[in-house]
Protein chains: 2
Amino acid sequence: MAVTTKDIAKLAGVSQSTVSRSLNRSPLISKKTQERVLRIAKEQNFEFNANARSLSTNISNSIGLIFPDDYMEFGLNLYFGALHTHIRETVEKLNYDLIIGFEKNKYTDTNTIRRLVAQKKVDGLIIALPRINSESMEFLSKAKIPFIFLHFHQVQDCLSNTNQIYADHLHGGYIATKHLIDLGHRKIVCLSSKDGQEFEERRNGYIKALIESGIAVNENLFLFGDRSFKSGFSSINENLKLFKKATALFCHTDIMALGALEAFKLSNIRVPEEIAVIGYDDIELGNYFSPLLTTVHQPREEISSLAIERLVQLIESNPRRNHKEIVVKPSLVIRESCGTKLSLPK
Amino acid sequence: MAVTTKDIAKLAGVSQSTVSRSLNRSPLISKKTQERVLRIAKEQNFEFNANARSLSTNISNSIGLIFPDDYMEFGLNLYFGALHTHIRETVEKLNYDLIIGFEKNKYTDTNTIRRLVAQKKVDGLIIALPRINSESMEFLSKAKIPFIFLHFHQVQDCLSNTNQIYADHLHGGYIATKHLIDLGHRKIVCLSSKDGQEFEERRNGYIKALIESGIAVNENLFLFGDRSFKSGFSSINENLKLFKKATALFCHTDIMALGALEAFKLSNIRVPEEIAVIGYDDIELGNYFSPLLTTVHQPREEISSLAIERLVQLIESNPRRNHKEIVVKPSLVIRESCGTKLSLPK
DNA sequence: CTGTTAGCGCGTTCAG
DNA sequence: CTGAACGCGCTAACAG
């Protein structure tokens with residue numbers, strides 16, 4: 001049915017291999033016959049059969065993207081949705097296809113990473129998982145396929161030798177806190193999450209900024225939610241007394257910050273006049289509601305395109321197999337929720 | 001490198017075709033040898049080479065999902081992100097892989113639909129595009145590959161004969177408006193969008209409900225935005241005078257409704273006490289901010305799973321090629337933004 | 001029930 | 001520069 005190189009060969013009066021070579025721009029072919037073949041192929045709307053091609057070249061021209069199962073929960077999609085889009089963008093530019101999957105198929109209980117690679121459906125993987133499971137990792141370390149961890153920094157010892165591209169959450173936590181301190185705040189509540197390396201790093205950044213400014217770290221100022229709007233809301237609601245003394249709040253997620261803002265609103269506590277609030281992520285939504293959210297911008301565009309570009313580099317030039325970790329610095333986005341000038345410490 | 005059926009054959013002391021048959025659960029094979037082959041394959045962590053398989057069967061076991069280019073804009077991702085997730089869910093259940101793409105690659109200027117199909121990378125397509133372009137459509141009508149339009153109802157004549165699964169937006173517009181009317185409202189502002197068939201249908205539903213209740217349709221009560229939060233905000237902000245008489249607002253998008261709520265808030269107009277607001281989509285976000293948004297639930301789970309299930313059906317049993325359109329009814333989600341009882345008409 | 005053989009469509013030697 | 005021939009890994013007749 002579909003037109004093949006053989007069909008083109010017949011039409012052009014040459015052999016199939018000449019067609020193949022022409023279509024692949026082999027230098028061995030004379031300009032003249034190449035042009036003729038290309039013209040005919042175009043006329044016939046020829047497209048390579050990707051399967052045949054992949055079978056003989058062992059190249060699929062597809063990249064696998066592994067996302068966490070729960071990326072729709074907790075409002076995570078607001079961040080991962082954007083990440084996903086940037087990835088798509090770069091993948092398109094580099095002319096690959098993108099296959100999306102989770103780490104394992106919960107219906108068949110199959111490991112998707114292993115399957116995609118073993119079946120030769122992908123040439124490389126972008127893995128955006130908080131923590132890859134050991135089965136996957138064991139498999140990948142044997143397979144000779146390029147893969148890159150994106151967003152999440154894998155801290156397990158055995159992974160020190162892998163490609164990782166992520167943001168410097170410690171620095172993010174630091175600049176957020178520093179900003180509040182510079183604004184005159186001394187008692188800063190820290191609303192974080194217990195699960196996830198990145199949150200621990202943000203807390204460390206928070207602590208670092210405090211210590212650097214000679215402010216004692218107060219355990220009572222730590223609150224923990226699950227990253228969601230609701231947990232931001234209830235964490236604040238159930239701890240309003242904290243804000244009799246505290247004058248600022250650092251939420252480790254924008255969506256928690258929005259929940260917090262809502263809680264303050266319902267309690268008639270004005271932001272930023274009475275409490276300064278800073279978020280983390282810089283999701284678009286923070287730009288919508290009043291007061292506009294001051295936050296830490298996650299460099300999602302940078303890490304996405306860096307990851308894909310590096311992955312494709314690894315795929316297309318096997319030799320340079322020097323693993324490296326790329327750490328991108330987040331930046332401060334000052335809007336309204338912290339006030340723009342010094343607030344009056346109580 | 002990778003283990004093949006030939007390798008298994010050698011290990012099992014049988015021919016390669018016996019291995020193939022065993023692995024494919026052919027009834028021709030004796031229980032005994034089949035079990036042995038399966039055991040050895042398992043031991044060797046065998047996986048089929050998808051490319052070789054696809055080459056000989058002409059089945060890729062992948063489904064292509066085509067999304068609109070702008071699905072990250074206007075807050076559309078809040079709806080499409082959810083749609084995407086439900087699709088992924090069903091695809092996983094039915095054990096296919098999912099390749100995501102846009103209609104055309106803007107860098108290479110290639111039509112992705114044509115390419116994926118012609119290259120045999122997918123067995124079928126889910127197309128979630130407001131309006132497919134004629135090049136794609138022309139191609140698809142010749143190609144003998146199953147495809148289903150999802151979410152967007154294609155109204156072009158030539159497409160009457162295709163599979164389409166979408167929600168009944170007319171009905172959605174109707175029940176939203178009816179709800180407001182039942183609550184006692186007579187002057188209902190309609191904030192819609194000019195581009196998109198679905199919005200026209202929602203407007204028609206609005207008009208139908210009005211007429212049915214003997215309320216005159218007032219052209220001045222129509223407002224148009226671009227579906228985004230910002231346009232919801234500014235549409236209301238710039239037309240506050242309308243609400244001296246009007247007592248209700250029907251926004252054709254939740255995210256516009258949230259923008260509208262924010263505008264009312266900043267003008268100290270209380271919702272629902274002074275103005276009743278109803279949205280459309282039922283995005284998760286509507287559940288967060290006070291007043292919680294009353295809205296029309298889009299049956300995204302239903303249409304997603306219906307679409308995938310039907311597509312797979314078409315893929316796996318070529319014969320039954322009866323095209324059909326499935327229209328799913330949206331439903332009302334009553335929360336706070338319209339009030340729960342009759343409001344007092346001015 | 002099992003082995004042999006012939007493709008699937010393409011890339012790639014190896015000759016010429 | 002071009003063609004003939006082979007193989008990638010698997011499925012599917014066709015024999016036995």
# chains A, B, ... in the order shown; residues from 1 in each chain; ligands from 1
>>> calpha_fit_and_write(fixed="chain B", moving="chain A", output="compact mmCIF listing (two decimals) with C-alpha atoms, in the first residue's frame")
# COMPACT_ATOMS: atom_id res chain seq x y z
CA MET A 1 23.54 -7.40 22.34
CA ALA A 2 19.89 -7.67 23.18
CA VAL A 3 18.47 -11.15 23.42
CA THR A 4 16.40 -12.24 20.45
CA THR A 5 14.05 -15.06 19.62
CA LYS A 6 16.96 -16.74 17.93
CA ASP A 7 18.94 -16.73 21.16
CA ILE A 8 16.02 -18.21 23.02
CA ALA A 9 15.68 -20.83 20.32
CA LYS A 10 19.25 -21.90 20.78
CA LEU A 11 18.88 -22.09 24.53
CA ALA A 12 15.68 -24.07 24.28
CA GLY A 13 16.92 -26.33 21.55
CA VAL A 14 14.07 -25.48 19.24
CA SER A 15 13.66 -23.40 16.12
CA GLN A 16 13.16 -19.66 16.11
CA SER A 17 9.64 -20.03 14.81
CA THR A 18 8.73 -22.26 17.70
CA VAL A 19 9.93 -19.56 20.01
CA SER A 20 7.92 -16.96 18.19
CA ARG A 21 4.83 -19.12 18.34
CA SER A 22 5.31 -19.90 21.99
CA LEU A 23 5.80 -16.31 22.96
CA ASN A 24 2.71 -15.39 21.02
CA ARG A 25 0.68 -18.12 22.67
CA SER A 26 -0.01 -19.95 19.45
CA PRO A 27 -2.35 -22.92 19.99
CA LEU A 28 -0.19 -24.93 17.65
CA ILE A 29 2.46 -25.40 20.28
CA SER A 30 2.49 -28.15 22.87
CA LYS A 31 1.99 -27.02 26.43
CA LYS A 32 5.30 -28.46 27.35
CA THR A 33 7.59 -26.75 24.91
CA GLN A 34 5.64 -23.54 25.28
CA GLU A 35 6.21 -23.49 28.98
CA ARG A 36 9.87 -24.20 28.58
CA VAL A 37 10.30 -21.44 26.05
CA LEU A 38 8.38 -19.00 28.22
CA ARG A 39 10.51 -19.87 31.19
CA ILE A 40 13.74 -19.38 29.34
CA ALA A 41 12.53 -16.15 27.82
CA LYS A 42 11.67 -14.90 31.26
CA GLU A 43 15.03 -15.90 32.63
CA GLN A 44 16.74 -14.03 29.84
CA ASN A 45 14.58 -10.95 30.34
CA PHE A 46 13.49 -11.27 26.76
CA GLU A 47 11.51 -8.48 25.16
CA PHE A 48 10.36 -8.38 21.58
CA ASN A 49 12.08 -5.90 19.36
CA ALA A 50 9.17 -3.63 18.64
CA ASN A 51 10.59 -2.48 15.35
CA ALA A 52 11.03 -5.93 13.93
CA ARG A 53 7.61 -6.84 15.14
CA SER A 54 5.99 -3.76 13.72
CA LEU A 55 7.78 -4.25 10.46
CA SER A 56 6.36 -7.66 9.91
CA THR A 57 2.94 -7.14 11.44
CA ASN A 58 2.40 -3.55 10.47
CA ILE A 59 1.25 -2.87 14.02
CA SER A 60 3.10 -0.36 16.15
CA ASN A 61 1.18 -0.63 19.37
CA SER A 62 1.34 3.11 19.73
CA ILE A 63 -1.35 5.72 19.62
CA GLY A 64 -0.78 9.26 18.50
CA LEU A 65 -2.29 12.11 20.45
CA ILE A 66 -2.56 15.45 18.69
CA PHE A 67 -3.07 18.49 20.85
CA PRO A 68 -3.55 22.12 19.84
CA ASP A 69 -0.43 24.27 19.72
CA ASP A 70 -1.81 26.80 22.12
CA TYR A 71 -2.90 24.44 24.81
CA MET A 72 -0.60 26.03 27.31
CA GLU A 73 -2.08 29.45 26.79
CA PHE A 74 -5.17 31.04 28.23
CA GLY A 75 -5.02 28.57 31.10
CA LEU A 76 -6.13 25.87 28.67
CA ASN A 77 -3.65 23.49 30.22
CA LEU A 78 -5.83 23.30 33.28
CA TYR A 79 -8.39 21.54 31.17
CA PHE A 80 -6.16 19.77 28.68
CA GLY A 81 -3.78 18.67 31.35
CA ALA A 82 -6.60 16.75 32.94
CA LEU A 83 -7.74 15.40 29.59
CA HIS A 84 -4.23 14.29 28.87
CA THR A 85 -3.99 12.45 32.16
CA HIS A 86 -7.19 10.55 31.61
CA ILE A 87 -6.05 9.59 28.16
CA ARG A 88 -2.75 8.35 29.53
CA GLU A 89 -4.61 6.34 32.08
CA THR A 90 -6.71 4.48 29.56
CA VAL A 91 -3.88 4.04 27.10
CA GLU A 92 -1.89 2.43 29.86
CA LYS A 93 -4.73 0.14 30.74
CA LEU A 94 -5.05 -1.00 27.15
CA ASN A 95 -1.32 -1.44 26.97
CA TYR A 96 -0.46 0.92 24.19
CA ASP A 97 2.21 3.58 24.05
CA LEU A 98 1.38 7.19 23.58
CA ILE A 99 3.15 9.55 21.23
CA ILE A 100 2.28 13.17 21.71
CA GLY A 101 2.51 15.73 19.00
CA PHE A 102 1.09 18.87 17.56
CA GLU A 103 -0.50 19.03 14.16
CA LYS A 104 2.60 20.35 12.53
CA ASN A 105 6.20 20.77 13.46
CA LYS A 106 6.79 24.47 13.34
CA TYR A 107 10.50 24.09 12.85
CA THR A 108 10.51 21.66 9.96
CA ASP A 109 7.09 22.70 8.73
CA THR A 110 6.13 19.05 8.51
CA ASN A 111 2.65 17.77 9.08
CA THR A 112 2.99 15.53 12.11
CA ILE A 113 -0.23 13.63 11.53
CA ARG A 114 0.85 12.63 8.06
CA ARG A 115 4.35 11.81 9.20
CA LEU A 116 3.40 9.62 12.14
CA VAL A 117 0.96 7.68 10.05
CA ALA A 118 3.09 7.36 6.93
CA GLN A 119 6.10 6.34 8.95
CA LYS A 120 3.97 3.69 10.63
CA LYS A 121 4.74 4.99 14.05
CA VAL A 122 1.14 4.85 15.22
CA ASP A 123 -1.83 2.58 14.75
CA GLY A 124 -4.40 5.24 15.33
CA LEU A 125 -4.89 8.83 16.31
CA ILE A 126 -6.74 10.84 18.87
CA ILE A 127 -7.15 14.31 17.49
CA ALA A 128 -8.05 17.06 19.91
CA LEU A 129 -7.98 20.04 17.60
CA PRO A 130 -10.53 22.81 17.32
CA ARG A 131 -10.46 22.45 13.60
CA ILE A 132 -8.29 20.04 11.70
CA ASN A 133 -6.60 21.56 8.70
CA SER A 134 -7.60 20.39 5.28
CA GLU A 135 -4.23 18.92 4.40
CA SER A 136 -4.37 16.60 7.40
CA MET A 137 -7.93 15.69 6.68
CA GLU A 138 -7.32 14.95 3.07
CA PHE A 139 -4.48 12.69 4.05
CA LEU A 140 -6.46 10.89 6.70
CA SER A 141 -9.38 10.23 4.44
CA LYS A 142 -7.10 8.34 2.10
CA ALA A 143 -5.03 6.62 4.73
CA LYS A 144 -6.79 3.65 6.20
CA ILE A 145 -5.95 4.42 9.77
CA PRO A 146 -8.50 4.81 12.55
CA PHE A 147 -8.77 8.22 14.13
CA ILE A 148 -11.11 9.90 16.51
CA PHE A 149 -11.81 13.51 17.14
CA LEU A 150 -11.85 14.24 20.82
CA HIS A 151 -13.43 17.10 22.69
CA PHE A 152 -13.81 19.36 19.71
CA HIS A 153 -16.79 18.77 17.52
CA GLN A 154 -15.78 19.12 13.88
CA VAL A 155 -18.59 20.72 11.95
CA GLN A 156 -17.19 20.79 8.43
CA ASP A 157 -19.42 18.93 5.99
CA CYS A 158 -16.72 16.57 4.84
CA LEU A 159 -16.24 15.37 8.38
CA SER A 160 -19.75 14.19 9.00
CA ASN A 161 -18.58 10.69 8.43
CA THR A 162 -15.92 10.53 11.12
CA ASN A 163 -15.66 9.30 14.67
CA GLN A 164 -16.18 12.10 17.10
CA ILE A 165 -16.50 12.09 20.83
CA TYR A 166 -17.32 15.33 22.48
CA ALA A 167 -19.45 16.96 25.11
CA ASP A 168 -22.77 18.57 24.48
CA HIS A 169 -21.85 22.19 24.92
CA LEU A 170 -25.28 23.37 23.97
CA HIS A 171 -26.69 21.40 26.81
CA GLY A 172 -23.97 22.70 29.09
CA GLY A 173 -24.83 26.26 28.21
CA TYR A 174 -28.43 25.44 28.73
CA ILE A 175 -28.19 23.90 32.19
CA ALA A 176 -25.90 26.65 33.42
CA THR A 177 -28.31 29.32 32.32
CA LYS A 178 -31.31 27.38 33.51
CA HIS A 179 -29.76 27.12 36.93
CA LEU A 180 -29.40 30.88 37.11
CA ILE A 181 -32.94 31.39 35.90
CA ASP A 182 -34.26 28.94 38.45
CA LEU A 183 -32.48 30.96 41.07
CA GLY A 184 -34.52 33.95 40.01
CA HIS A 185 -32.12 35.74 37.71
CA ARG A 186 -33.44 37.44 34.60
CA LYS A 187 -30.58 39.61 33.48
CA ILE A 188 -27.69 37.29 32.91
CA VAL A 189 -24.44 38.46 31.39
CA CYS A 190 -22.81 35.95 29.09
CA LEU A 191 -19.02 36.06 28.91
CA SER A 192 -17.97 33.92 26.00
CA SER A 193 -15.20 33.66 23.44
CA LYS A 194 -15.33 34.34 19.75
CA ASP A 195 -13.09 31.59 18.58
CA GLY A 196 -14.25 28.09 18.95
CA GLN A 197 -17.29 26.20 17.92
CA GLU A 198 -17.86 25.08 21.48
CA PHE A 199 -18.41 28.62 22.66
CA GLU A 200 -20.98 29.26 20.01
CA GLU A 201 -22.78 26.16 21.19
CA ARG A 202 -22.66 27.34 24.79
CA ARG A 203 -24.13 30.65 23.70
CA ASN A 204 -26.88 28.81 21.91
CA GLY A 205 -27.60 26.89 25.07
CA TYR A 206 -27.76 30.14 26.95
CA ILE A 207 -30.17 31.58 24.42
CA LYS A 208 -32.29 28.47 24.41
CA ALA A 209 -32.74 28.59 28.18
CA LEU A 210 -33.61 32.26 28.04
CA ILE A 211 -36.20 31.83 25.33
CA GLU A 212 -37.70 28.82 27.01
CA SER A 213 -38.30 30.95 30.06
CA GLY A 214 -39.69 33.81 28.07
CA ILE A 215 -36.76 36.07 28.73
CA ALA A 216 -35.75 38.35 25.91
CA VAL A 217 -32.24 37.91 24.60
CA ASN A 218 -30.37 41.14 25.12
CA GLU A 219 -27.38 41.71 22.91
CA ASN A 220 -25.85 44.08 25.38
CA LEU A 221 -25.39 41.28 27.84
CA PHE A 222 -22.89 39.47 25.65
CA LEU A 223 -19.23 39.94 26.47
CA PHE A 224 -16.30 38.32 24.73
CA GLY A 225 -12.90 37.38 26.06
CA ASP A 226 -10.13 35.08 24.96
CA ARG A 227 -10.81 32.38 27.56
CA SER A 228 -8.01 33.51 29.86
CA PHE A 229 -8.00 34.67 33.44
CA LYS A 230 -6.88 38.11 32.40
CA SER A 231 -9.63 38.50 29.87
CA GLY A 232 -12.17 37.39 32.45
CA PHE A 233 -10.82 39.97 34.80
CA SER A 234 -10.73 42.84 32.37
CA SER A 235 -14.02 42.01 30.67
CA ILE A 236 -15.75 42.47 33.99
CA ASN A 237 -13.65 45.37 35.12
CA GLU A 238 -14.39 47.32 31.98
CA ASN A 239 -18.09 46.57 32.09
CA LEU A 240 -18.96 47.02 35.72
CA LYS A 241 -21.85 49.26 34.77
CA LEU A 242 -23.58 46.24 33.24
CA PHE A 243 -23.96 44.84 36.71
CA LYS A 244 -26.03 47.68 37.94
CA LYS A 245 -28.88 45.86 36.32
CA ALA A 246 -27.61 42.38 35.66
CA THR A 247 -27.58 40.03 38.62
CA ALA A 248 -25.75 37.06 37.20
CA LEU A 249 -22.79 36.12 35.07
CA PHE A 250 -22.24 33.01 33.01
CA CYS A 251 -18.56 32.57 32.10
CA HIS A 252 -17.80 30.08 29.39
CA THR A 253 -14.58 29.10 31.04
CA ASP A 254 -13.76 28.53 34.69
CA ILE A 255 -10.55 30.42 34.42
CA MET A 256 -12.42 33.43 33.05
CA ALA A 257 -14.86 33.02 35.90
CA LEU A 258 -12.01 33.13 38.38
CA GLY A 259 -10.79 36.29 36.71
CA ALA A 260 -14.25 37.71 36.99
CA LEU A 261 -14.49 36.80 40.67
CA GLU A 262 -11.23 38.59 41.25
CA ALA A 263 -12.53 41.67 39.45
CA PHE A 264 -15.68 41.70 41.54
CA LYS A 265 -13.62 41.27 44.67
CA LEU A 266 -11.47 44.27 43.92
CA SER A 267 -14.58 46.32 43.28
CA ASN A 268 -16.12 45.14 46.48
CA ILE A 269 -18.99 43.49 44.76
CA ARG A 270 -19.97 40.43 46.72
CA VAL A 271 -20.49 37.07 45.07
CA PRO A 272 -22.98 35.48 45.27
CA GLU A 273 -24.90 38.03 47.32
CA GLU A 274 -24.88 40.74 44.68
CA ILE A 275 -23.90 38.81 41.61
CA ALA A 276 -24.21 35.11 40.93
CA VAL A 277 -21.37 33.66 38.90
CA ILE A 278 -21.27 30.33 37.13
CA GLY A 279 -18.30 28.93 35.22
CA TYR A 280 -17.70 26.15 32.75
CA ASP A 281 -15.19 23.30 32.75
CA ASP A 282 -14.98 22.27 36.38
CA ILE A 283 -11.26 22.61 36.68
CA GLU A 284 -9.83 21.68 40.03
CA LEU A 285 -8.95 25.25 40.78
CA GLY A 286 -12.58 26.22 41.09
CA ASN A 287 -12.63 24.26 44.27
CA TYR A 288 -9.99 26.37 45.91
CA PHE A 289 -10.91 30.00 46.13
CA SER A 290 -13.75 31.48 48.02
CA PRO A 291 -16.50 31.58 46.92
CA LEU A 292 -16.17 28.11 45.51
CA LEU A 293 -17.16 28.14 41.90
CA THR A 294 -20.46 26.74 40.74
CA THR A 295 -19.83 25.39 37.28
CA VAL A 296 -20.59 22.96 34.50
CA HIS A 297 -18.63 19.77 34.71
CA GLN A 298 -16.98 18.71 31.49
CA PRO A 299 -17.08 14.93 31.28
CA ARG A 300 -13.39 14.65 30.49
CA GLU A 301 -12.90 11.24 32.02
CA GLU A 302 -15.78 9.80 30.07
CA ILE A 303 -14.82 11.24 26.73
CA SER A 304 -11.17 10.31 27.20
CA SER A 305 -11.76 6.71 28.03
CA LEU A 306 -14.53 6.35 25.48
CA ALA A 307 -12.24 7.74 22.83
CA ILE A 308 -9.31 5.49 23.58
CA GLU A 309 -11.45 2.44 24.02
CA ARG A 310 -13.22 3.02 20.77
CA LEU A 311 -10.00 3.77 18.96
CA VAL A 312 -8.42 0.57 20.17
CA GLN A 313 -11.55 -1.28 19.16
CA LEU A 314 -11.22 0.15 15.67
CA ILE A 315 -7.55 -0.69 15.55
CA GLU A 316 -7.94 -4.25 16.70
CA SER A 317 -11.01 -5.21 14.75
CA ASN A 318 -10.78 -3.44 11.46
CA PRO A 319 -14.10 -4.70 10.11
CA ARG A 320 -16.66 -2.70 12.08
CA ARG A 321 -16.02 0.60 10.49
CA ASN A 322 -19.27 2.24 11.34
CA HIS A 323 -18.49 5.79 12.18
CA LYS A 324 -20.30 7.38 14.97
CA GLU A 325 -20.49 10.47 17.02
CA ILE A 326 -20.78 10.10 20.73
CA VAL A 327 -22.09 13.08 22.61
CA VAL A 328 -21.70 13.12 26.34
CA LYS A 329 -23.80 15.33 28.56
CA PRO A 330 -22.10 17.67 30.96
CA SER A 331 -23.55 18.17 34.40
CA LEU A 332 -24.04 20.92 36.91
CA VAL A 333 -21.74 21.29 39.90
CA ILE A 334 -23.35 23.48 42.48
CA ARG A 335 -21.00 25.07 44.94
CA GLU A 336 -21.12 28.59 46.29
CA SER A 337 -20.73 31.23 43.64
CA CYS A 338 -24.39 31.31 42.64
CA GLY A 339 -25.78 30.99 46.11
CA THR A 340 -27.78 27.95 46.90
CA LYS A 341 -31.17 29.51 47.17
CA LEU A 342 -33.03 32.26 45.39
CA SER A 343 -31.20 35.51 45.32
CA LEU A 344 -33.22 38.67 45.27
CA PRO A 345 -33.55 40.07 41.81
CA LYS A 346 -33.07 43.79 41.74
>>> select_by_dssp(residues="region 102-301 of chain A", states="strand (DSSP E or B)", output="PyMOL selection string")
chain A and resi 102+104-105+110-111+124-127+147-151+163-167+188-193+222-225+248-251+276-278+281+294-297
>>> residues_around(residues="DC14 (chain C)", least_positions_apart="4", cutoff="12 Å", atoms="only C-alpha atoms (C1' of nucleotides)", output="PyMOL selection string")
chain D and resi 3-6
>>> interface_residues(of="chain D", to="chain A", cutoff="10 Å", atoms="only C-alpha atoms (C1' of nucleotides)", output="PDB file with C-alpha atoms (C1' of nucleotides), in the first residue's frame")
ATOM      1  C1'  DC D   1      29.129   6.311  -8.863  1.00  0.00           C
ATOM      2  C1'  DT D   2      25.785   2.218  -8.973  1.00  0.00           C
ATOM      3  C1'  DG D   3      23.710  -2.497  -8.405  1.00  0.00           C
ATOM      4  C1'  DA D   4      23.301  -7.162  -6.246  1.00  0.00           C
ATOM      5  C1'  DG D   7      20.810  -9.035   7.354  1.00  0.00           C
ATOM      6  C1'  DC D   8      18.231  -6.452  11.110  1.00  0.00           C
ATOM      7  C1'  DG D   9      14.264  -9.614  14.314  1.00  0.00           C
TER       8       DG D   9
END
>>> atom_distance(atom1="C1' of DT11 (chain D)", atom2="C1' of DT2 (chain C)")
15.4 Å
>>> atom_distance(atom1="C1' of DC10 (chain D)", atom2="C1' of DC1 (chain C)")
20.3 Å
>>> select_by_dssp(residues="region 141-254 of chain B", states="helix (DSSP H, G or I)", output="PyMOL selection string")
chain B and resi 141-142+157-159+169-182+197-212+219-221+229-237+240-244+254
>>> interface_residues(of="chain C", to="chain A", cutoff="9 Å", atoms="only C-alpha atoms (C1' of nucleotides)", output="count of residues only")
5
